[in-house]
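Novice: Provided herewith is a single structure, encoded as structure tokens, for subsequent inquiry.
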Amino acid sequence: MVSLDVDERRLPMLTEGHELAYKQSHLDRLSFTVTPLVIRYLPLVAGFIMNVGRIKDLTIRFHTDRAPFTDFSDTSTLKNQLDALATSLNFGKNKIQSLEIRVSGPVAPSIWESFFRKLKIPQLKEFKASIPGMEYKTLCHVLVMHPEIRVIRLSYDPRVLRPGLLCPTIRANVYFPIQELWCPPQTVSTLLSENQNWDELSAITLAPDYGSVLPAQHQWAQWLEDWNICLRVIGGRSLTRLRLVLGIPACPFPSSAPAVSIGSLHGVEHLILDVRHSPHLMHNVPEYLKAWLSSLTRVQSVTLEGHPELRDTSLAAS
């Protein structure tokens, strides 16, 4: 796998004619950073991608917090350049199979809706997004325009504009051949509750919303309720793998909180507990986590990530 990572200072190099593209003819993976100062190069970068012709893995990082879009003209420029990028990526000898969008800083949700409404990458199999404020209707555009997607990974729970209002495509039980979800528990609960056609789904990773902040001790039970609800929704669904990411840098999991019954997760074969950001859970298994583990009545193995030397199938019975 040949990779190239380009920061915002070198981004214009990808637009200096197409000679560089020929030099990168064996490039498989491209990632680059965009700031407002170099946003005008986006459509030309798309030309570079098409001329390389074999890039399968594309990551675009938007750092708008360094130089934020402060007025209407800036926002309009971003929208126009993103729309041009989407149009460019839809054509040519594009072989992109994995697309990741990371956003640091505020960008109006309507801009992303416009971008993903226009984007249609024929062979896209994996969609990863870390976009604060992205809405469910934007996710719907991604699913509808890319029926070959197998993996969805979201760092933030998408917004619903009004309670009870979700994308009609999801609520209409349209079939999605998704095999893996990596999302906050609120997102998984919503998707699985609103649409019953997830027959291909075999792996779920639950991770805290990246916007999570460490709650006060007396609020932990309420914070964990999203996880309890999601595990109940998963219920007896047959899964080859269930991964629980127990904490992020800004929000480790609690060392104690009351247990809540979530029923049986009898369809899970393999459980992975990621405790990298909550190492205290290695030495003290709180009541809520014991309740989750005891619900896994037919699990075959439990793996602890963050401590790769440990593999303990007895945890399920603790």
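Ordered as shown in the structure tokens, chains take letters A, B, and onward, while each chain numbers its residues from 1 and ligands are numbered from 1 in the order shown.
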Can you pull out the residues contacting stretch 240-242 of chain A? Cut-off 12 Å, using only C-alpha atoms, and skip same-chain residues under 5 positions away; I want them as a ChimeraX atom specification.
Specialist: /A:179-183,200-207,231,234-235,265-274,292-293,296,298-303
Novice: Could you tell me, as a ChimeraX atom specification, which residues of stretch 244-299 of chain A DSSP assigns to helix (DSSP H, G or I) when given the backbone?
Specialist: /A:279-282,287-294
Novice: Closest to A:Glu100 among A:Ser256, A:Thr35, A:Ser155, A:Ser294, using only C-alpha atoms?
Specialist: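 Nearest candidate to A:Glu100 out of A:Ser256, A:Thr35, A:Ser155, A:Ser294: A:Ser155.
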Novice: Could you give me the residues within stretch 181-236 of chain A that DSSP places in strand (DSSP E or B), as a CSV table (one decimal) with N, CA and C atoms, in the first residue's frame?
Specialist:
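Writing done, so here's result_36.csv:
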chain,number,residue,atom,x,y,z
A,181,LEU,N,-21.3,-1.3,11.6
A,181,LEU,CA,-21.5,0.1,12.1
A,181,LEU,C,-20.5,0.4,13.2
A,182,TRP,N,-19.9,1.6,13.1
A,182,TRP,CA,-19.1,2.1,14.2
A,182,TRP,C,-19.6,3.4,14.5
A,183,CYS,N,-20.4,3.6,15.6
A,183,CYS,CA,-21.1,4.8,15.8
A,183,CYS,C,-21.3,5.0,17.3
A,203,ALA,N,-21.3,-6.8,12.5
A,203,ALA,CA,-20.3,-6.2,13.5
A,203,ALA,C,-20.8,-4.8,13.9
A,204,ILE,N,-20.7,-4.5,15.2
A,204,ILE,CA,-21.1,-3.2,15.7
A,204,ILE,C,-20.0,-2.8,16.7
A,205,THR,N,-19.6,-1.5,16.5
A,205,THR,CA,-18.7,-0.9,17.5
A,205,THR,C,-19.5,0.3,18.1
A,206,LEU,N,-19.6,0.3,19.4
A,206,LEU,CA,-20.2,1.4,20.1
A,206,LEU,C,-19.1,2.2,20.8
Novice: With the cut-off set at 12 Å and counting only C-alpha atoms, tabulate each residue of stretch 89-192 of chain A with an atom at most that distance from an atom of stretch 42-63 of chain A, showing the nearest atom pair and its distance in Å to one decimal, ordered by chain and increasing number, as a tab-separated table.
Specialist:
residue	atom	partner	partner_atom	distance
A:Leu89	CA	A:Ala46	CA	6.2
A:Asn90	CA	A:Met50	CA	9.7
A:Phe91	CA	A:Met50	CA	8.0
A:Gly92	CA	A:Met50	CA	5.7
A:Lys93	CA	A:Gly53	CA	5.3
A:Asn94	CA	A:Gly53	CA	5.6
A:Lys95	CA	A:Lys56	CA	5.5
A:Ile96	CA	A:Lys56	CA	4.0
A:Gln97	CA	A:Lys56	CA	5.0
A:Ser98	CA	A:Asp57	CA	4.7
A:Leu99	CA	A:Leu58	CA	5.0
A:Glu100	CA	A:Thr59	CA	4.6
A:Ile101	CA	A:Ile60	CA	5.1
A:Arg102	CA	A:Arg61	CA	4.7
A:Val103	CA	A:Phe62	CA	4.7
A:Ser104	CA	A:His63	CA	4.9
A:Gly105	CA	A:His63	CA	6.3
A:Pro106	CA	A:His63	CA	9.2
A:Val107	CA	A:Phe62	CA	9.5
A:Trp112	CA	A:Phe62	CA	11.9
A:Ile121	CA	A:Lys56	CA	11.1
A:Pro122	CA	A:Lys56	CA	11.8
A:Gln123	CA	A:Lys56	CA	9.2
A:Leu124	CA	A:Lys56	CA	8.8
A:Lys125	CA	A:Lys56	CA	9.9
A:Glu126	CA	A:Asp57	CA	9.1
A:Phe127	CA	A:Leu58	CA	10.1
A:Lys128	CA	A:Thr59	CA	8.9
A:Ala129	CA	A:Thr59	CA	9.7
A:Ser130	CA	A:Arg61	CA	9.4
A:Ile131	CA	A:Phe62	CA	9.5
A:Pro132	CA	A:Phe62	CA	11.6
Novice: So which one's closest to A:Ser189, A:Phe253, A:Phe176, A:Trp227, A:Tyr288? Using only C-alpha atoms, please.
Specialist: A:Trp227
Novice: Of the candidates A:His283, A:Arg159, A:Arg150, A:Arg40, which one gets nearest to A:Gly133 if we count only C-alpha atoms?
Specialist: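 Smallest separation from A:Gly133 among the options: A:Arg159.
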Novice: Restricting the calculation to only C-alpha atoms: of A:Ser255, A:Ser114, A:Gln222, A:Gln217, which residue gets closest to A:Lys79?
Specialist: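 Using only C-alpha atoms, A:Lys79 sits closest to A:Ser114.
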Novice: Which residue is closest to A:Arg276? Choose from A:Val6, A:Met145, A:Leu304, A:Tyr136 and count only C-alpha atoms.
Specialist: A:Leu304
Novice: To one decimal in Å, tell me the separation between atom CA of A:Trp223 and atom CA of A:Leu143.
Specialist: 29.1 Å
Novice: What's the separation between atom CA of A:Ile149 and atom CA of A:Leu191, in Å to one decimal place?
Specialist: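 Calculated distance between atom CA of A:Ile149 and atom CA of A:Leu191 is 15.2 Å.
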Novice: What's around A:Arg232 at 8 Å? Count only C-alpha atoms, leave out sequence neighbours fewer than 6 positions away in its own chain, and write the answer as a list in words.
Specialist: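 In the requested form, the answer reads Ile262, Gly263, Ser264 and Leu265 of chain A.
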Novice: Can I get the selected residues back with all heavy atoms, as an mmCIF file, in the first residue's frame?
Specialist:
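Listed below is the output, again.cif:
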data_model
loop_
_atom_site.group_PDB
_atom_site.id
_atom_site.type_symbol
_atom_site.label_atom_id
_atom_site.label_comp_id
_atom_site.auth_asym_id
_atom_site.auth_seq_id
_atom_site.Cartn_x
_atom_site.Cartn_y
_atom_site.Cartn_z
ATOM 1 N N ILE A 262 -30.453 -5.222 30.942
ATOM 2 C CA ILE A 262 -30.606 -4.920 29.514
ATOM 3 C C ILE A 262 -31.097 -6.131 28.725
ATOM 4 O O ILE A 262 -31.171 -6.097 27.501
ATOM 5 C CB ILE A 262 -29.264 -4.442 28.908
ATOM 6 C CG1 ILE A 262 -28.179 -5.512 29.060
ATOM 7 C CG2 ILE A 262 -28.825 -3.140 29.534
ATOM 8 C CD1 ILE A 262 -26.927 -5.197 28.297
ATOM 9 N N GLY A 263 -31.441 -7.212 29.428
ATOM 10 C CA GLY A 263 -31.901 -8.393 28.727
ATOM 11 C C GLY A 263 -30.739 -9.228 28.223
ATOM 12 O O GLY A 263 -29.610 -9.107 28.698
ATOM 13 N N SER A 264 -31.009 -10.059 27.235
ATOM 14 C CA SER A 264 -30.002 -11.005 26.746
ATOM 15 C C SER A 264 -29.428 -10.570 25.405
ATOM 16 O O SER A 264 -30.173 -10.186 24.497
ATOM 17 C CB SER A 264 -30.614 -12.399 26.605
ATOM 18 O OG SER A 264 -29.703 -13.295 25.997
ATOM 19 N N LEU A 265 -28.098 -10.614 25.305
ATOM 20 C CA LEU A 265 -27.404 -10.407 24.031
ATOM 21 C C LEU A 265 -26.915 -11.767 23.537
ATOM 22 O O LEU A 265 -25.719 -11.989 23.344
ATOM 23 C CB LEU A 265 -26.234 -9.434 24.221
ATOM 24 C CG LEU A 265 -26.600 -8.002 24.618
ATOM 25 C CD1 LEU A 265 -25.356 -7.226 25.029
ATOM 26 C CD2 LEU A 265 -27.295 -7.292 23.473
#
Novice: What does the distance from atom CA of A:Val38 to atom CA of A:Ala86 come to in Å, to one decimal?
Specialist: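 Answer for the atom CA of A:Val38 to atom CA of A:Ala86 separation: 16.9 Å.
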Novice: Hey, what's within 9 Å of A:Pro254 if we count only C-alpha atoms and toss same-chain stuff fewer than 4 positions away? As a ChimeraX atom specification, please?
Specialist: /A:217,220,247,278,280-281,286
Novice: Those residues you just picked out, can you put them in a file as an mmCIF file, in the first residue's frame with all heavy atoms?
Specialist:
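What ended up in part_17.cif:
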data_model
loop_
_atom_site.group_PDB
_atom_site.id
_atom_site.type_symbol
_atom_site.label_atom_id
_atom_site.label_comp_id
_atom_site.auth_asym_id
_atom_site.auth_seq_id
_atom_site.Cartn_x
_atom_site.Cartn_y
_atom_site.Cartn_z
ATOM 1 N N GLN A 217 -20.375 13.194 38.770
ATOM 2 C CA GLN A 217 -20.561 11.822 39.253
ATOM 3 C C GLN A 217 -22.033 11.443 39.359
ATOM 4 O O GLN A 217 -22.419 10.323 39.000
ATOM 5 C CB GLN A 217 -19.867 11.649 40.600
ATOM 6 C CG GLN A 217 -19.910 10.209 41.113
ATOM 7 C CD GLN A 217 -19.075 10.028 42.364
ATOM 8 O OE1 GLN A 217 -18.435 10.961 42.830
ATOM 9 N NE2 GLN A 217 -19.075 8.828 42.908
ATOM 10 N N TRP A 220 -23.735 10.135 36.012
ATOM 11 C CA TRP A 220 -23.236 8.995 35.256
ATOM 12 C C TRP A 220 -24.346 8.027 34.852
ATOM 13 O O TRP A 220 -24.357 7.502 33.736
ATOM 14 C CB TRP A 220 -22.167 8.253 36.062
ATOM 15 C CG TRP A 220 -20.782 8.747 35.822
ATOM 16 C CD1 TRP A 220 -19.923 9.278 36.738
ATOM 17 C CD2 TRP A 220 -20.077 8.765 34.569
ATOM 18 N NE1 TRP A 220 -18.739 9.639 36.144
ATOM 19 C CE2 TRP A 220 -18.800 9.327 34.812
ATOM 20 C CE3 TRP A 220 -20.391 8.378 33.272
ATOM 21 C CZ2 TRP A 220 -17.857 9.493 33.803
ATOM 22 C CZ3 TRP A 220 -19.450 8.551 32.265
ATOM 23 C CH2 TRP A 220 -18.207 9.096 32.537
ATOM 24 N N GLY A 247 -14.715 4.651 26.615
ATOM 25 C CA GLY A 247 -14.074 5.921 26.902
ATOM 26 C C GLY A 247 -13.314 6.500 25.724
ATOM 27 O O GLY A 247 -12.878 5.781 24.815
ATOM 28 N N SER A 278 -9.786 4.018 29.686
ATOM 29 C CA SER A 278 -10.347 3.755 31.020
ATOM 30 C C SER A 278 -9.600 2.588 31.651
ATOM 31 O O SER A 278 -10.193 1.545 31.953
ATOM 32 C CB SER A 278 -11.844 3.457 30.926
ATOM 33 O OG SER A 278 -12.560 4.522 30.334
ATOM 34 N N HIS A 280 -8.596 1.948 34.496
ATOM 35 C CA HIS A 280 -9.043 1.543 35.831
ATOM 36 C C HIS A 280 -10.042 0.394 35.769
ATOM 37 O O HIS A 280 -10.200 -0.350 36.752
ATOM 38 C CB HIS A 280 -9.668 2.733 36.564
ATOM 39 C CG HIS A 280 -10.768 3.393 35.790
ATOM 40 N ND1 HIS A 280 -10.523 4.320 34.799
ATOM 41 C CD2 HIS A 280 -12.120 3.265 35.845
ATOM 42 C CE1 HIS A 280 -11.678 4.739 34.284
ATOM 43 N NE2 HIS A 280 -12.658 4.101 34.907
ATOM 44 N N LEU A 281 -10.718 0.215 34.618
ATOM 45 C CA LEU A 281 -11.680 -0.876 34.491
ATOM 46 C C LEU A 281 -11.000 -2.233 34.452
ATOM 47 O O LEU A 281 -11.655 -3.266 34.639
ATOM 48 C CB LEU A 281 -12.525 -0.675 33.222
ATOM 49 C CG LEU A 281 -13.383 0.593 33.183
ATOM 50 C CD1 LEU A 281 -14.160 0.663 31.879
ATOM 51 C CD2 LEU A 281 -14.331 0.637 34.374
ATOM 52 N N PRO A 286 -16.987 -2.449 37.393
ATOM 53 C CA PRO A 286 -18.151 -1.865 38.069
ATOM 54 C C PRO A 286 -19.430 -2.644 37.775
ATOM 55 O O PRO A 286 -19.490 -3.462 36.841
ATOM 56 C CB PRO A 286 -18.209 -0.443 37.502
ATOM 57 C CG PRO A 286 -17.473 -0.509 36.204
ATOM 58 C CD PRO A 286 -16.443 -1.579 36.339
#
